[in-house]
Amino acid sequence: ISETLVDDLSQHPWAGLPVQVSLFAVDASNQIGSSGDQAMVLPARRFFDPMASALVEQRRYLLWSRTNAPDVASVLRAISNRADDIFTSPRAYLKLRMAMRRLELGLAETGLSVDRQAEIAQVLWDVAVQIEDGNLSDALERLRRAQERLAQAMRESATDEEIAELMEKLRQAMQDYMAQLAEQAR
């Protein structure tokens, strides 16, 4: 049997670092087959925006050890101090503040739990991606919704006026998405 494994490890704390990879498989008879160790650099998503890069670095620092949580909380507080100068998206700022508060609340209680650590790490990743991608993901989501509404209207035999209106919304969503792609390419 020959198989190709495809997995996205870009969110792993070791992403971008040299690792030793060894794969093994267990069949129904509990026979184990394994590959030899392979040295490689674990693929990572690159962040070009300094804020996104800083958030991903703090996320990695938090995932290395929960004892790093106070330092991460301090850095997040410093990052979010002058929000008007740094954040273009109020949504990203609010998510970051929420993650920071959850982190500080976890520290104030009995210590940061593994579940809360994972939750905060995911929020930091999402905010970093949102900052890096800008409004591209929002534009893509609006485009998908416009496509779905038009397809549903056509399935339900909507009137010509309704279809024309939905076509116009789809055209606008496509233009917005293309503009965001061009902005990101710059």
# chains A, B, ... in the order shown; residues from 1 in each chain; ligands from 1

call {"tool": "residues_around", "arguments": {"residues": "Ser89 in chain A", "least_positions_apart": "4", "cutoff": "12 Å", "atoms": "only C-alpha atoms", "output": "PDB file with all heavy atoms, in the first residue's frame"}}
result
ATOM      1  N   ALA A  83      -4.334  51.002  20.571  1.00  0.00           N
ATOM      2  CA  ALA A  83      -5.065  50.277  19.538  1.00  0.00           C
ATOM      3  C   ALA A  83      -5.327  51.118  18.290  1.00  0.00           C
ATOM      4  O   ALA A  83      -5.257  50.615  17.173  1.00  0.00           O
ATOM      5  CB  ALA A  83      -6.385  49.763  20.093  1.00  0.00           C
ATOM      6  N   ASP A  84      -5.633  52.387  18.451  1.00  0.00           N
ATOM      7  CA  ASP A  84      -5.965  53.227  17.298  1.00  0.00           C
ATOM      8  C   ASP A  84      -4.793  53.359  16.339  1.00  0.00           C
ATOM      9  O   ASP A  84      -4.983  53.487  15.131  1.00  0.00           O
ATOM     10  CB  ASP A  84      -6.409  54.619  17.756  1.00  0.00           C
ATOM     11  CG  ASP A  84      -7.711  54.571  18.533  1.00  0.00           C
ATOM     12  OD1 ASP A  84      -8.449  53.576  18.380  1.00  0.00           O
ATOM     13  OD2 ASP A  84      -7.985  55.512  19.291  1.00  0.00           O
ATOM     14  N   ASP A  85      -3.588  53.320  16.876  1.00  0.00           N
ATOM     15  CA  ASP A  85      -2.402  53.470  16.038  1.00  0.00           C
ATOM     16  C   ASP A  85      -2.015  52.178  15.340  1.00  0.00           C
ATOM     17  O   ASP A  85      -1.293  52.207  14.341  1.00  0.00           O
ATOM     18  CB  ASP A  85      -1.211  53.942  16.882  1.00  0.00           C
ATOM     19  CG  ASP A  85      -1.456  55.297  17.525  1.00  0.00           C
ATOM     20  OD1 ASP A  85      -2.326  56.042  17.018  1.00  0.00           O
ATOM     21  OD2 ASP A  85      -0.799  55.592  18.529  1.00  0.00           O
ATOM     22  N   TYR A  93      -8.894  43.656  17.208  1.00  0.00           N
ATOM     23  CA  TYR A  93      -8.530  44.251  18.491  1.00  0.00           C
ATOM     24  C   TYR A  93      -9.381  43.657  19.618  1.00  0.00           C
ATOM     25  O   TYR A  93      -8.859  43.289  20.679  1.00  0.00           O
ATOM     26  CB  TYR A  93      -8.706  45.767  18.440  1.00  0.00           C
ATOM     27  CG  TYR A  93      -8.591  46.431  19.786  1.00  0.00           C
ATOM     28  CD1 TYR A  93      -7.354  46.537  20.411  1.00  0.00           C
ATOM     29  CD2 TYR A  93      -9.717  46.924  20.442  1.00  0.00           C
ATOM     30  CE1 TYR A  93      -7.241  47.125  21.663  1.00  0.00           C
ATOM     31  CE2 TYR A  93      -9.604  47.504  21.690  1.00  0.00           C
ATOM     32  CZ  TYR A  93      -8.372  47.608  22.297  1.00  0.00           C
ATOM     33  OH  TYR A  93      -8.267  48.186  23.530  1.00  0.00           O
ATOM     34  N   LEU A  94     -10.680  43.548  19.399  1.00  0.00           N
ATOM     35  CA  LEU A  94     -11.564  43.014  20.440  1.00  0.00           C
ATOM     36  C   LEU A  94     -11.254  41.553  20.741  1.00  0.00           C
ATOM     37  O   LEU A  94     -11.280  41.136  21.904  1.00  0.00           O
ATOM     38  CB  LEU A  94     -13.024  43.192  20.035  1.00  0.00           C
ATOM     39  CG  LEU A  94     -13.510  44.640  20.015  1.00  0.00           C
ATOM     40  CD1 LEU A  94     -14.930  44.726  19.464  1.00  0.00           C
ATOM     41  CD2 LEU A  94     -13.436  45.254  21.407  1.00  0.00           C
ATOM     42  N   LYS A  95     -10.939  40.775  19.704  1.00  0.00           N
ATOM     43  CA  LYS A  95     -10.573  39.376  19.931  1.00  0.00           C
ATOM     44  C   LYS A  95      -9.287  39.287  20.755  1.00  0.00           C
ATOM     45  O   LYS A  95      -9.172  38.450  21.648  1.00  0.00           O
ATOM     46  CB  LYS A  95     -10.366  38.656  18.597  1.00  0.00           C
ATOM     47  CG  LYS A  95     -11.619  38.219  17.917  1.00  0.00           C
ATOM     48  CD  LYS A  95     -11.252  37.454  16.659  1.00  0.00           C
ATOM     49  CE  LYS A  95     -12.441  36.874  15.969  1.00  0.00           C
ATOM     50  NZ  LYS A  95     -12.050  36.140  14.758  1.00  0.00           N
ATOM     51  N   LEU A  96      -8.328  40.139  20.421  1.00  0.00           N
ATOM     52  CA  LEU A  96      -7.072  40.134  21.160  1.00  0.00           C
ATOM     53  C   LEU A  96      -7.296  40.514  22.624  1.00  0.00           C
ATOM     54  O   LEU A  96      -6.757  39.883  23.539  1.00  0.00           O
ATOM     55  CB  LEU A  96      -6.060  41.079  20.517  1.00  0.00           C
ATOM     56  CG  LEU A  96      -4.721  41.172  21.237  1.00  0.00           C
ATOM     57  CD1 LEU A  96      -4.018  39.812  21.250  1.00  0.00           C
ATOM     58  CD2 LEU A  96      -3.845  42.216  20.581  1.00  0.00           C
ATOM     59  N   VAL A 127      -6.472  35.831  15.223  1.00  0.00           N
ATOM     60  CA  VAL A 127      -6.247  37.282  15.131  1.00  0.00           C
ATOM     61  C   VAL A 127      -5.057  37.564  14.215  1.00  0.00           C
ATOM     62  O   VAL A 127      -5.106  38.471  13.383  1.00  0.00           O
ATOM     63  CB  VAL A 127      -6.045  37.908  16.526  1.00  0.00           C
ATOM     64  CG1 VAL A 127      -5.599  39.355  16.415  1.00  0.00           C
ATOM     65  CG2 VAL A 127      -7.327  37.813  17.339  1.00  0.00           C
ATOM     66  N   ALA A 128      -4.000  36.779  14.342  1.00  0.00           N
ATOM     67  CA  ALA A 128      -2.824  36.978  13.491  1.00  0.00           C
ATOM     68  C   ALA A 128      -3.179  36.760  12.020  1.00  0.00           C
ATOM     69  O   ALA A 128      -2.779  37.553  11.157  1.00  0.00           O
ATOM     70  CB  ALA A 128      -1.701  36.030  13.912  1.00  0.00           C
ATOM     71  N   GLN A 130      -6.158  37.059  10.702  1.00  0.00           N
ATOM     72  CA  GLN A 130      -7.046  38.158  10.312  1.00  0.00           C
ATOM     73  C   GLN A 130      -6.247  39.420  10.021  1.00  0.00           C
ATOM     74  O   GLN A 130      -6.508  40.122   9.040  1.00  0.00           O
ATOM     75  CB  GLN A 130      -8.070  38.424  11.411  1.00  0.00           C
ATOM     76  CG  GLN A 130      -9.083  39.469  11.046  1.00  0.00           C
ATOM     77  CD  GLN A 130     -10.136  39.641  12.137  1.00  0.00           C
ATOM     78  OE1 GLN A 130     -10.109  38.976  13.160  1.00  0.00           O
ATOM     79  NE2 GLN A 130     -11.059  40.538  11.909  1.00  0.00           N
ATOM     80  N   ILE A 131      -5.255  39.716  10.839  1.00  0.00           N
ATOM     81  CA  ILE A 131      -4.421  40.897  10.609  1.00  0.00           C
ATOM     82  C   ILE A 131      -3.610  40.725   9.327  1.00  0.00           C
ATOM     83  O   ILE A 131      -3.513  41.641   8.512  1.00  0.00           O
ATOM     84  CB  ILE A 131      -3.500  41.155  11.814  1.00  0.00           C
ATOM     85  CG1 ILE A 131      -4.333  41.622  13.002  1.00  0.00           C
ATOM     86  CG2 ILE A 131      -2.425  42.173  11.477  1.00  0.00           C
ATOM     87  CD1 ILE A 131      -3.569  41.671  14.303  1.00  0.00           C
ATOM     88  N   GLU A 132      -3.037  39.545   9.134  1.00  0.00           N
ATOM     89  CA  GLU A 132      -2.206  39.289   7.957  1.00  0.00           C
ATOM     90  C   GLU A 132      -3.019  39.350   6.672  1.00  0.00           C
ATOM     91  O   GLU A 132      -2.597  39.932   5.678  1.00  0.00           O
ATOM     92  CB  GLU A 132      -1.530  37.920   8.085  1.00  0.00           C
ATOM     93  CG  GLU A 132      -0.616  37.560   6.950  1.00  0.00           C
ATOM     94  CD  GLU A 132       0.672  38.355   6.947  1.00  0.00           C
ATOM     95  OE1 GLU A 132       1.084  38.893   7.990  1.00  0.00           O
ATOM     96  OE2 GLU A 132       1.291  38.427   5.868  1.00  0.00           O
ATOM     97  N   ASP A 133      -4.198  38.728   6.694  1.00  0.00           N
ATOM     98  CA  ASP A 133      -5.019  38.663   5.485  1.00  0.00           C
ATOM     99  C   ASP A 133      -5.858  39.911   5.281  1.00  0.00           C
ATOM    100  O   ASP A 133      -6.472  40.076   4.233  1.00  0.00           O
ATOM    101  CB  ASP A 133      -5.942  37.441   5.524  1.00  0.00           C
ATOM    102  CG  ASP A 133      -5.176  36.139   5.392  1.00  0.00           C
ATOM    103  OD1 ASP A 133      -3.981  36.201   5.019  1.00  0.00           O
ATOM    104  OD2 ASP A 133      -5.751  35.080   5.659  1.00  0.00           O
ATOM    105  N   GLY A 134      -5.920  40.762   6.291  1.00  0.00           N
ATOM    106  CA  GLY A 134      -6.733  41.973   6.156  1.00  0.00           C
ATOM    107  C   GLY A 134      -8.196  41.601   6.032  1.00  0.00           C
ATOM    108  O   GLY A 134      -8.696  40.722   6.724  1.00  0.00           O
ATOM    109  N   ASN A 135      -8.869  42.259   5.135  1.00  0.00           N
ATOM    110  CA  ASN A 135     -10.295  42.022   4.944  1.00  0.00           C
ATOM    111  C   ASN A 135     -10.567  40.955   3.897  1.00  0.00           C
ATOM    112  O   ASN A 135     -11.700  40.762   3.491  1.00  0.00           O
ATOM    113  CB  ASN A 135     -10.984  43.328   4.549  1.00  0.00           C
ATOM    114  CG  ASN A 135     -10.943  44.331   5.678  1.00  0.00           C
ATOM    115  OD1 ASN A 135     -11.016  43.956   6.834  1.00  0.00           O
ATOM    116  ND2 ASN A 135     -10.799  45.598   5.331  1.00  0.00           N
ATOM    117  N   ASP A 138     -12.992  38.244   5.045  1.00  0.00           N
ATOM    118  CA  ASP A 138     -14.362  38.768   5.129  1.00  0.00           C
ATOM    119  C   ASP A 138     -14.963  38.910   3.732  1.00  0.00           C
ATOM    120  O   ASP A 138     -16.136  38.593   3.513  1.00  0.00           O
ATOM    121  CB  ASP A 138     -14.378  40.123   5.830  1.00  0.00           C
ATOM    122  CG  ASP A 138     -14.038  40.017   7.306  1.00  0.00           C
ATOM    123  OD1 ASP A 138     -14.189  38.911   7.863  1.00  0.00           O
ATOM    124  OD2 ASP A 138     -13.630  41.027   7.883  1.00  0.00           O
TER     125      ASP A 138
END

call {"tool": "select_by_dssp", "arguments": {"residues": "chain A", "states": "helix (DSSP H, G or I)", "output": "NGL selection string"}}
result
:A and (50-64 or 66-79 or 83-86 or 90-108 or 114-133 or 136-155 or 160-185)

call {"tool": "residues_around", "arguments": {"residues": "Val129 in chain A", "least_positions_apart": "5", "cutoff": "10 Å", "atoms": "only C-alpha atoms", "output": "list in words"}}
result
Arg45, Phe47, Asp49, Ala52, Ser53, Leu55, Val56, Ala92, Val123, Leu124, Gly134 and Ser137 of chain A

call {"tool": "select_by_dssp", "arguments": {"residues": "chain A", "states": "strand (DSSP E or B)", "output": "PDB file with N, CA, C and O atoms, in the first residue's frame"}}
result
ATOM      1  N   PRO A  18      13.525  23.019  12.978  1.00  0.00           N
ATOM      2  CA  PRO A  18      14.010  21.707  12.527  1.00  0.00           C
ATOM      3  C   PRO A  18      13.499  20.614  13.468  1.00  0.00           C
ATOM      4  O   PRO A  18      13.528  20.748  14.691  1.00  0.00           O
ATOM      5  N   VAL A  19      13.008  19.524  12.880  1.00  0.00           N
ATOM      6  CA  VAL A  19      12.464  18.407  13.649  1.00  0.00           C
ATOM      7  C   VAL A  19      12.939  17.090  13.041  1.00  0.00           C
ATOM      8  O   VAL A  19      13.420  17.052  11.902  1.00  0.00           O
ATOM      9  N   GLN A  20      12.801  16.032  13.793  1.00  0.00           N
ATOM     10  CA  GLN A  20      13.028  14.668  13.305  1.00  0.00           C
ATOM     11  C   GLN A  20      11.651  14.024  13.169  1.00  0.00           C
ATOM     12  O   GLN A  20      10.897  13.971  14.149  1.00  0.00           O
ATOM     13  N   VAL A  21      11.313  13.546  11.988  1.00  0.00           N
ATOM     14  CA  VAL A  21      10.001  12.955  11.744  1.00  0.00           C
ATOM     15  C   VAL A  21      10.175  11.457  11.532  1.00  0.00           C
ATOM     16  O   VAL A  21      11.036  11.025  10.764  1.00  0.00           O
ATOM     17  N   PHE A  24       4.898   5.825  11.571  1.00  0.00           N
ATOM     18  CA  PHE A  24       4.678   4.405  11.773  1.00  0.00           C
ATOM     19  C   PHE A  24       3.204   4.105  11.562  1.00  0.00           C
ATOM     20  O   PHE A  24       2.342   4.975  11.681  1.00  0.00           O
ATOM     21  N   ALA A  25       2.944   2.847  11.200  1.00  0.00           N
ATOM     22  CA  ALA A  25       1.581   2.400  10.952  1.00  0.00           C
ATOM     23  C   ALA A  25       1.365   1.073  11.683  1.00  0.00           C
ATOM     24  O   ALA A  25       2.282   0.257  11.784  1.00  0.00           O
ATOM     25  N   VAL A  26       0.156   0.877  12.180  1.00  0.00           N
ATOM     26  CA  VAL A  26      -0.213  -0.349  12.866  1.00  0.00           C
ATOM     27  C   VAL A  26      -1.385  -0.948  12.104  1.00  0.00           C
ATOM     28  O   VAL A  26      -2.380  -0.273  11.846  1.00  0.00           O
ATOM     29  N   ILE A  32       3.581  -3.531  13.344  1.00  0.00           N
ATOM     30  CA  ILE A  32       4.000  -2.136  13.249  1.00  0.00           C
ATOM     31  C   ILE A  32       5.074  -1.995  12.179  1.00  0.00           C
ATOM     32  O   ILE A  32       6.045  -2.749  12.149  1.00  0.00           O
ATOM     33  N   GLY A  33       4.856  -1.040  11.309  1.00  0.00           N
ATOM     34  CA  GLY A  33       5.859  -0.682  10.314  1.00  0.00           C
ATOM     35  C   GLY A  33       6.224   0.774  10.522  1.00  0.00           C
ATOM     36  O   GLY A  33       5.369   1.597  10.843  1.00  0.00           O
ATOM     37  N   SER A  34       7.514   1.082  10.409  1.00  0.00           N
ATOM     38  CA  SER A  34       7.900   2.469  10.638  1.00  0.00           C
ATOM     39  C   SER A  34       8.950   2.907   9.641  1.00  0.00           C
ATOM     40  O   SER A  34       9.685   2.092   9.084  1.00  0.00           O
ATOM     41  N   GLN A  38      13.589  11.160   9.703  1.00  0.00           N
ATOM     42  CA  GLN A  38      13.884  12.097   8.621  1.00  0.00           C
ATOM     43  C   GLN A  38      14.008  13.489   9.222  1.00  0.00           C
ATOM     44  O   GLN A  38      13.099  13.951   9.899  1.00  0.00           O
ATOM     45  N   ALA A  39      15.131  14.128   8.970  1.00  0.00           N
ATOM     46  CA  ALA A  39      15.306  15.498   9.450  1.00  0.00           C
ATOM     47  C   ALA A  39      14.652  16.443   8.454  1.00  0.00           C
ATOM     48  O   ALA A  39      14.790  16.282   7.241  1.00  0.00           O
ATOM     49  N   MET A  40      13.909  17.398   8.966  1.00  0.00           N
ATOM     50  CA  MET A  40      13.246  18.384   8.107  1.00  0.00           C
ATOM     51  C   MET A  40      12.887  19.613   8.932  1.00  0.00           C
ATOM     52  O   MET A  40      12.902  19.578  10.153  1.00  0.00           O
ATOM     53  N   VAL A  41      12.577  20.679   8.233  1.00  0.00           N
ATOM     54  CA  VAL A  41      12.034  21.865   8.890  1.00  0.00           C
ATOM     55  C   VAL A  41      10.517  21.769   8.742  1.00  0.00           C
ATOM     56  O   VAL A  41      10.006  21.647   7.628  1.00  0.00           O
TER      57      VAL A  41
END

call {"tool": "residues_around", "arguments": {"residues": "Pro43 in chain A", "least_positions_apart": "5", "cutoff": "7 Å", "atoms": "only C-alpha atoms", "output": "PyMOL selection string"}}
result
chain A and resi 9-10+15-16

call {"tool": "closest_residue", "arguments": {"among": "A:Asp176, A:Leu170, A:Ala164, A:Arg46", "to": "Glu148 in chain A", "atoms": "only C-alpha atoms"}}
result
A:Leu170

call {"tool": "closest_residue", "arguments": {"among": "A:Met167, A:Leu23, A:Asp115, A:Ala151", "to": "Leu5 in chain A", "atoms": "only C-alpha atoms"}}
result
A:Leu23

call {"tool": "closest_residue", "arguments": {"among": "A:Met174, A:Leu76, A:Ala153, A:Ala44", "to": "Trp14 in chain A", "atoms": "only C-alpha atoms"}}
result
A:Ala44
